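Source file: upload19.txt; contents: compact mmCIF, C-alpha atoms.
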# COMPACT_ATOMS: atom_id res chain seq x y z
CA MET A 1 139.50 120.41 124.38
CA SER A 2 139.15 116.62 124.16
CA LYS A 3 138.55 114.66 127.31
CA LYS A 4 141.05 112.06 128.38
CA LYS A 5 139.79 108.50 128.37
CA ASN A 6 139.33 107.07 131.83
CA ARG A 7 141.58 104.06 132.05
CA PRO A 8 140.77 101.55 134.78
CA HIS A 9 143.31 101.31 137.57
CA GLY A 10 144.75 97.89 138.10
CA HIS A 11 146.19 94.99 136.22
CA CYS A 12 145.04 91.79 134.48
CA CYS A 13 146.30 88.46 135.77
CA LYS A 14 147.24 86.03 133.00
CA ILE A 15 146.57 83.04 135.27
CA CYS A 16 143.01 83.65 136.47
CA GLY A 17 142.18 86.19 133.76
CA GLU A 18 140.69 88.63 136.27
CA TYR A 19 141.30 92.37 136.33
CA LYS A 20 142.46 93.29 139.82
CA ALA A 21 143.65 96.39 141.66
CA ASN A 22 147.36 97.21 141.75
CA GLU A 23 147.45 96.25 145.43
CA LYS A 24 146.70 92.64 144.43
CA PHE A 25 150.05 92.43 142.60
CA SER A 26 153.55 92.36 143.98
CA GLY A 27 156.44 94.17 142.32
CA LYS A 28 157.45 91.11 140.34
CA GLY A 29 153.79 90.23 139.82
CA HIS A 30 153.22 93.38 137.77
CA ALA A 31 155.97 92.41 135.37
CA ALA A 32 154.91 88.76 135.21
CA HIS A 33 151.15 89.62 135.04
CA ILE A 34 150.44 87.27 137.96
CA CYS A 35 148.46 88.35 141.00
CA LYS A 36 149.48 87.48 144.57
CA ALA A 37 146.81 84.79 144.91
CA CYS A 38 147.85 82.99 141.73
CA SER A 39 151.56 83.30 142.53
CA ARG A 40 151.00 80.95 145.49
CA LEU A 41 149.72 78.19 143.20
CA SER A 42 151.91 75.29 142.13
CA THR A 43 153.35 75.13 138.62
CA ALA A 44 150.80 72.51 137.55
CA GLU A 45 147.92 74.55 138.98
CA LYS A 46 149.14 77.67 137.19
CA ALA A 47 149.36 75.81 133.88
CA ALA A 48 145.88 74.33 134.31
CA ALA A 49 144.40 77.72 135.22
CA MET A 50 145.99 79.34 132.16
CA ASP A 51 144.70 76.54 129.92
CA MET A 52 141.18 76.86 131.33
CA ASN A 53 141.31 80.63 130.88
CA ARG A 54 142.29 80.21 127.23
CA LEU A 55 139.73 77.48 126.61
CA MET A 56 136.87 79.51 128.09
CA SER A 57 137.70 82.36 125.72
CA PHE A 58 138.54 80.17 122.72
CA PRO A 59 137.42 81.82 119.46
CA MET A 60 134.37 80.26 117.75
CA ARG A 61 135.61 80.86 114.22
CA ARG A 62 137.76 79.14 111.62
CA ILE A 63 140.77 78.30 113.75
CA SER A 64 144.34 77.97 112.53
CA GLU A 65 146.28 74.72 112.34
CA GLY A 66 148.33 75.81 115.34
CA GLU A 67 145.19 76.40 117.42
CA LYS A 68 143.75 73.07 116.31
CA LYS A 69 146.98 71.26 117.23
CA TRP A 70 147.02 72.92 120.66
CA LEU A 71 143.37 72.03 121.24
CA LYS A 72 143.94 68.37 120.32
CA ALA A 73 146.89 68.22 122.72
CA LYS A 74 144.78 69.63 125.56
CA MET A 75 142.17 66.91 124.98
CA LYS A 76 144.78 64.49 126.42
CA ASP A 77 145.88 66.79 129.24
CA ASP A 78 146.70 65.28 132.65
CA CYS A 79 144.19 67.62 134.28
CA PRO A 80 140.71 66.03 133.86
CA GLU A 81 138.94 69.41 133.87
CA VAL A 82 141.20 70.78 131.12
CA ALA A 83 140.82 67.63 129.00
CA LYS A 84 137.02 67.62 129.38
CA THR A 85 136.70 71.31 128.51
CA ALA A 86 139.04 70.90 125.53
CA ARG A 87 136.86 68.08 124.16
CA GLU A 88 133.75 70.22 124.55
CA VAL A 89 135.40 73.14 122.75
CA PHE A 90 136.71 70.84 119.99
CA ASN A 91 133.24 69.34 119.44
CA ALA A 92 131.79 72.86 119.24
CA CYS A 93 134.41 73.92 116.65
CA PHE A 94 134.23 70.64 114.70
CA PRO A 95 130.72 69.17 115.18
CA HIS A 96 131.22 66.54 112.44
CA ALA A 97 134.70 65.39 113.49
CA GLU A 98 133.45 62.27 115.27
CA ARG A 99 131.34 61.17 112.31
CA ASN A 100 134.13 61.80 109.84
CA ALA A 101 136.48 59.68 111.96
CA MET A 102 133.95 56.82 111.90
CA LYS A 103 133.61 57.10 108.12
CA LYS A 104 137.35 56.60 107.68
CA GLN A 105 137.18 53.34 109.64
CA LEU A 106 134.16 51.90 107.82
CA VAL A 107 134.87 49.55 104.92
CA ILE A 108 131.71 47.84 103.65
CA ASN A 109 131.98 44.47 101.93
CA THR A 110 128.34 43.46 102.32
CA LEU A 111 125.30 45.68 102.79
CA SER A 112 121.77 44.37 103.23
CA PHE A 113 118.61 46.33 103.98
CA GLU A 114 114.86 45.69 103.82
CA VAL A 115 112.03 48.06 102.99
CA HIS A 116 108.51 47.36 104.26
CA THR A 117 106.43 50.46 103.67
CA GLU A 118 104.44 52.46 101.10
CA ILE A 119 106.45 54.44 98.59
CA TYR A 120 105.81 56.66 95.57
CA ASP A 121 106.75 55.36 92.14
CA GLY A 122 108.13 57.42 89.29
CA TYR A 123 104.63 58.57 88.33
CA GLY A 124 103.71 59.76 91.82
CA ASP A 125 101.45 56.78 92.56
CA MET A 126 101.56 55.08 95.96
CA GLU A 127 102.44 51.40 96.06
CA MET A 128 103.53 48.89 98.68
CA ALA A 129 107.23 48.01 98.86
CA ASP A 130 108.16 44.74 100.54
CA CYS A 131 111.63 43.79 99.43
CA ARG A 132 115.25 43.27 100.36
CA PHE A 133 118.30 44.85 98.72
CA THR A 134 121.71 43.24 98.99
CA ILE A 135 125.00 44.71 97.83
CA ASP A 136 128.12 42.57 97.55
CA ARG A 137 131.21 44.66 97.03
CA LYS A 138 133.52 41.82 95.97
CA SER A 139 131.22 40.40 93.28
CA ARG A 140 129.84 43.91 92.47
CA VAL A 141 126.31 42.46 92.41
CA LEU A 142 123.23 44.40 93.51
CA THR A 143 120.25 42.11 94.20
CA MET A 144 116.62 42.97 94.92
CA THR A 145 114.35 40.28 96.41
CA ASP A 146 110.61 40.99 96.16
CA PHE A 147 108.72 39.25 99.00
CA GLN A 148 105.35 40.01 97.40
CA ALA A 149 106.42 38.03 94.34
CA GLU A 150 107.23 34.97 96.46
CA GLY A 151 110.86 35.89 96.90
CA GLU A 152 111.58 36.52 93.23
CA GLY A 153 114.96 38.19 92.83
CA GLN A 154 116.53 40.51 90.29
CA SER A 155 120.26 41.10 90.09
CA VAL A 156 122.50 43.53 88.28
CA THR A 157 126.30 43.65 88.12
CA LEU A 158 127.84 47.08 88.59
CA GLU A 159 131.18 48.26 87.33
CA GLY A 160 133.90 48.82 89.90
CA GLY A 161 133.56 52.59 89.74
CA GLN A 162 129.76 52.44 90.05
CA MET A 163 129.92 50.17 93.09
CA ALA A 164 132.48 52.40 94.81
CA LYS A 165 130.40 55.49 94.04
CA LEU A 166 127.22 53.84 95.40
CA LEU A 167 128.84 52.75 98.66
CA ARG A 168 130.53 56.13 99.07
CA TYR A 169 127.16 57.85 98.64
CA ILE A 170 125.53 55.52 101.19
CA VAL A 171 128.23 56.12 103.81
CA HIS A 172 129.33 59.73 103.27
CA THR A 173 126.12 61.38 102.05
CA LEU A 174 123.30 59.32 103.57
CA GLU A 175 125.34 58.44 106.69
CA ILE A 176 123.18 55.38 107.32
CA PHE A 177 125.45 54.25 110.15
CA MET A 178 124.05 57.20 112.16
CA TRP A 179 120.36 56.73 111.30
CA GLU A 180 119.57 54.92 114.53
CA GLN A 181 120.84 57.95 116.45
CA ASN A 182 119.47 60.63 114.12
CA TYR A 183 116.00 59.18 113.59
CA PRO A 184 114.89 57.39 116.78
CA LEU A 185 111.58 55.59 116.16
CA ARG A 186 109.20 53.45 118.17
CA PRO A 187 110.50 50.01 119.17
CA ASP A 188 108.13 48.27 116.76
CA GLU A 189 109.31 50.32 113.78
CA GLY A 190 112.86 51.15 114.71
CA ILE A 191 115.87 51.00 112.46
CA MET A 192 118.11 48.08 113.36
CA THR A 193 121.73 48.59 112.45
CA ARG A 194 124.88 46.58 113.06
CA PHE A 195 128.36 47.16 111.74
CA LEU A 196 131.39 45.11 112.74
CA MET A 197 134.65 46.98 112.43
CA GLY A 198 136.70 43.77 112.27
CA LYS A 199 134.77 41.87 109.59
CA ARG A 200 133.67 45.06 107.83
CA ILE A 201 130.01 43.99 107.64
CA PHE A 202 127.15 46.46 107.75
CA LEU A 203 123.54 45.35 108.13
CA TRP A 204 120.70 47.84 107.91
CA LYS A 205 117.02 47.05 108.21
CA ILE A 206 113.97 49.33 108.08
Conversion result in structure tokens:
Amino acid sequence: MSKKKNRPHGHCCKICGEYKANEKFSGKGHAAHICKACSRLSTAEKAAAMDMNRLMSFPMRRISEGEKKWLKAKMKDDCPEVAKTAREVFNACFPHAERNAMKKQLVINTLSFEVHTEIYDGYGDMEMADCRFTIDRKSRVLTMTDFQAEGEGQSVTLEGGQMAKLLRYIVHTLEIFMWEQNYPLRPDEGIMTRFLMGKRIFLWKI
């Protein structure tokens, strides 16, 4: 003869999320799934407690559009604790959301960076690189200035599609606008970056 499963006595409150004894619920509280303690809270406090309860148990998986919409709305909640927790949960679910938002705002017209270090050439030999690269989106000109050759420069004009592909690779794949944060170096060899959202200018120096 099979044994009956022992079911816990009590009820779960949908406000605080705790499982409490039946004595902790009133007659109406059983039907509403709200314990006596939570029933004394104000409407705003009840809503905040329910939101926090849902946020603390938010699924760490591929969430639906409805869940994402709800989470974004809670990031602007009037309750500071709810808004802060919602942002933390959103960043955990979408770790690259902030970077992707920055990428959409960046429009590069001019990009300039300098290389002063030893590099490997195509044959695997080490050689010193001391030069500056400049990209002008409007003129579609890529210029390399070699400081070791007394500032001698070489330029090449790219097609519109090639220039767009190059800049897209620099921003979306290399993410150079985040290098200062991703690769912190010593002050004397740090990466200096500056991008102005208004003028759409990005300067990068190694």
Draw an axis-aligned box over all listed atoms of segment 123-127 of chain A, pad each side with 8 Å, and write its centre and edge lengths in Å, one decimal, as AutoDock Vina command-line options.
--center_x 103.0 --center_y 55.6 --center_z 92.2 --size_x 19.2 --size_y 24.4 --size_z 23.7
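Separating atom CA of Cys16 of chain A from atom CA of Ala49 of chain A is a distance of 6.2 Å.
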Could you list, with a cut-off of 10 Å and counting all atoms listed in the file, the residues of segment 91-133 of chain A near segment 138-158 of chain A, each shown with its nearest atom pair and the distance in Å rounded to one decimal, rows sorted by chain and ascending number, as a tab-separated table?
residue	atom	partner	partner_atom	distance
A:Ile108	CA	A:Lys138	CA	9.9
A:Asn109	CA	A:Lys138	CA	6.7
A:Thr110	CA	A:Lys138	CA	8.4
A:Leu111	CA	A:Leu142	CA	9.6
A:Ser112	CA	A:Thr143	CA	9.4
A:Phe113	CA	A:Met144	CA	9.9
A:Glu114	CA	A:Thr145	CA	9.2
A:Val115	CA	A:Asp146	CA	9.9
A:His116	CA	A:Phe147	CA	9.7
A:Met128	CA	A:Gln148	CA	9.2
A:Ala129	CA	A:Asp146	CA	8.2
A:Asp130	CA	A:Phe147	CA	5.7
A:Cys131	CA	A:Asp146	CA	4.4
A:Arg132	CA	A:Thr145	CA	5.0
A:Phe133	CA	A:Met144	CA	4.6
Q. Taking (146.9, 74.3, 129.8) in the file's coordinates as the center, which residues reach within 12 Å of it, counting only C-alpha atoms, put as number ranges by chain?
A. A: 15, 43-56, 70-86
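Closest to Met102 of chain A among A:Ala32, A:Val171, A:Cys38, A:Ile63 is A:Val171, based on all atoms listed in the file.
Rounded to one decimal, atom CA of Cys12 of chain A and atom CA of Arg61 of chain A lie 24.9 Å from each other.
Nearest residue to Thr173 of chain A among A:Arg99, A:Arg87, A:Pro59, A:Ala31 is A:Arg99, counting all atoms listed in the file.
Reported to one decimal place, the separation of atom CA of Trp179 of chain A from atom CA of Leu167 of chain A is 15.7 Å.
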Q: List every protein, DNA or RNA residue that has an atom no more than 12 Å from (128.5, 61.4, 105.6) in the file's coordinate frame, counting only C-alpha atoms, and report them as number ranges by chain.
A: A: 96-104, 106, 167-179
Q. Which residues, written as a ChimeraX atom specification, have at least one atom at most 9 Å from segment 19-24 of chain A, with only C-alpha atoms counted and residues fewer than 3 positions away on the same chain left out?
A. /A:9-13,16,29-30,35-37
Print the selection's residues with C-alpha atoms to a file, as a compact mmCIF listing (two decimals), in the coordinates of the input.
# COMPACT_ATOMS: atom_id res chain seq x y z
CA HIS A 9 143.31 101.31 137.57
CA GLY A 10 144.75 97.89 138.10
CA HIS A 11 146.19 94.99 136.22
CA CYS A 12 145.04 91.79 134.48
CA CYS A 13 146.30 88.46 135.77
CA CYS A 16 143.01 83.65 136.47
CA GLY A 29 153.79 90.23 139.82
CA HIS A 30 153.22 93.38 137.77
CA CYS A 35 148.46 88.35 141.00
CA LYS A 36 149.48 87.48 144.57
CA ALA A 37 146.81 84.79 144.91
Segment 12-68 of chain A written out with C-alpha atoms as a compact mmCIF listing (two decimals), in the first residue's frame:
# COMPACT_ATOMS: atom_id res chain seq x y z
CA CYS A 12 2.22 30.75 0.90
CA CYS A 13 1.88 34.53 0.98
CA LYS A 14 2.15 36.13 -2.46
CA ILE A 15 3.38 39.40 -0.94
CA CYS A 16 6.36 38.31 1.16
CA GLY A 17 6.75 34.93 -0.56
CA GLU A 18 7.03 33.09 2.77
CA TYR A 19 5.29 29.85 3.64
CA LYS A 20 3.41 30.38 6.89
CA ALA A 21 1.06 28.42 9.14
CA ASN A 22 -2.68 28.64 8.59
CA GLU A 23 -3.00 30.69 11.78
CA LYS A 24 -1.04 33.49 10.09
CA PHE A 25 -3.85 33.97 7.55
CA SER A 26 -7.32 35.35 8.03
CA GLY A 27 -10.36 33.92 6.28
CA LYS A 28 -10.08 36.36 3.40
CA GLY A 29 -6.28 36.07 3.53
CA HIS A 30 -6.43 32.41 2.54
CA ALA A 31 -8.38 33.24 -0.60
CA ALA A 32 -6.22 36.27 -1.43
CA HIS A 33 -2.93 34.47 -0.52
CA ILE A 34 -1.95 37.35 1.78
CA CYS A 35 -0.86 36.80 5.37
CA LYS A 36 -2.07 38.97 8.27
CA ALA A 37 1.23 40.86 8.51
CA CYS A 38 1.27 41.78 4.82
CA SER A 39 -2.43 42.70 4.81
CA ARG A 40 -1.60 45.62 7.12
CA LEU A 41 0.78 47.12 4.55
CA SER A 42 -0.22 50.00 2.30
CA THR A 43 -1.02 49.41 -1.36
CA ALA A 44 2.34 50.83 -2.46
CA GLU A 45 4.22 48.67 0.06
CA LYS A 46 2.36 45.57 -1.09
CA ALA A 47 3.20 46.30 -4.73
CA ALA A 48 6.87 46.90 -3.91
CA ALA A 49 7.08 43.71 -1.85
CA MET A 50 5.53 41.67 -4.68
CA ASP A 51 7.92 43.21 -7.20
CA MET A 52 10.93 42.46 -4.99
CA ASN A 53 9.70 38.90 -4.48
CA ARG A 54 9.43 38.41 -8.24
CA LEU A 55 12.78 40.06 -8.94
CA MET A 56 14.62 37.93 -6.37
CA SER A 57 13.30 34.79 -8.07
CA PHE A 58 13.62 36.08 -11.63
CA PRO A 59 14.63 33.28 -14.02
CA MET A 60 18.22 33.39 -15.33
CA ARG A 61 17.38 32.06 -18.78
CA ARG A 62 16.27 33.38 -22.15
CA ILE A 63 13.39 35.57 -21.04
CA SER A 64 10.32 36.41 -23.09
CA GLU A 65 9.53 39.81 -24.55
CA GLY A 66 6.84 40.27 -21.91
CA GLU A 67 9.30 39.58 -19.09
CA LYS A 68 11.85 41.92 -20.66
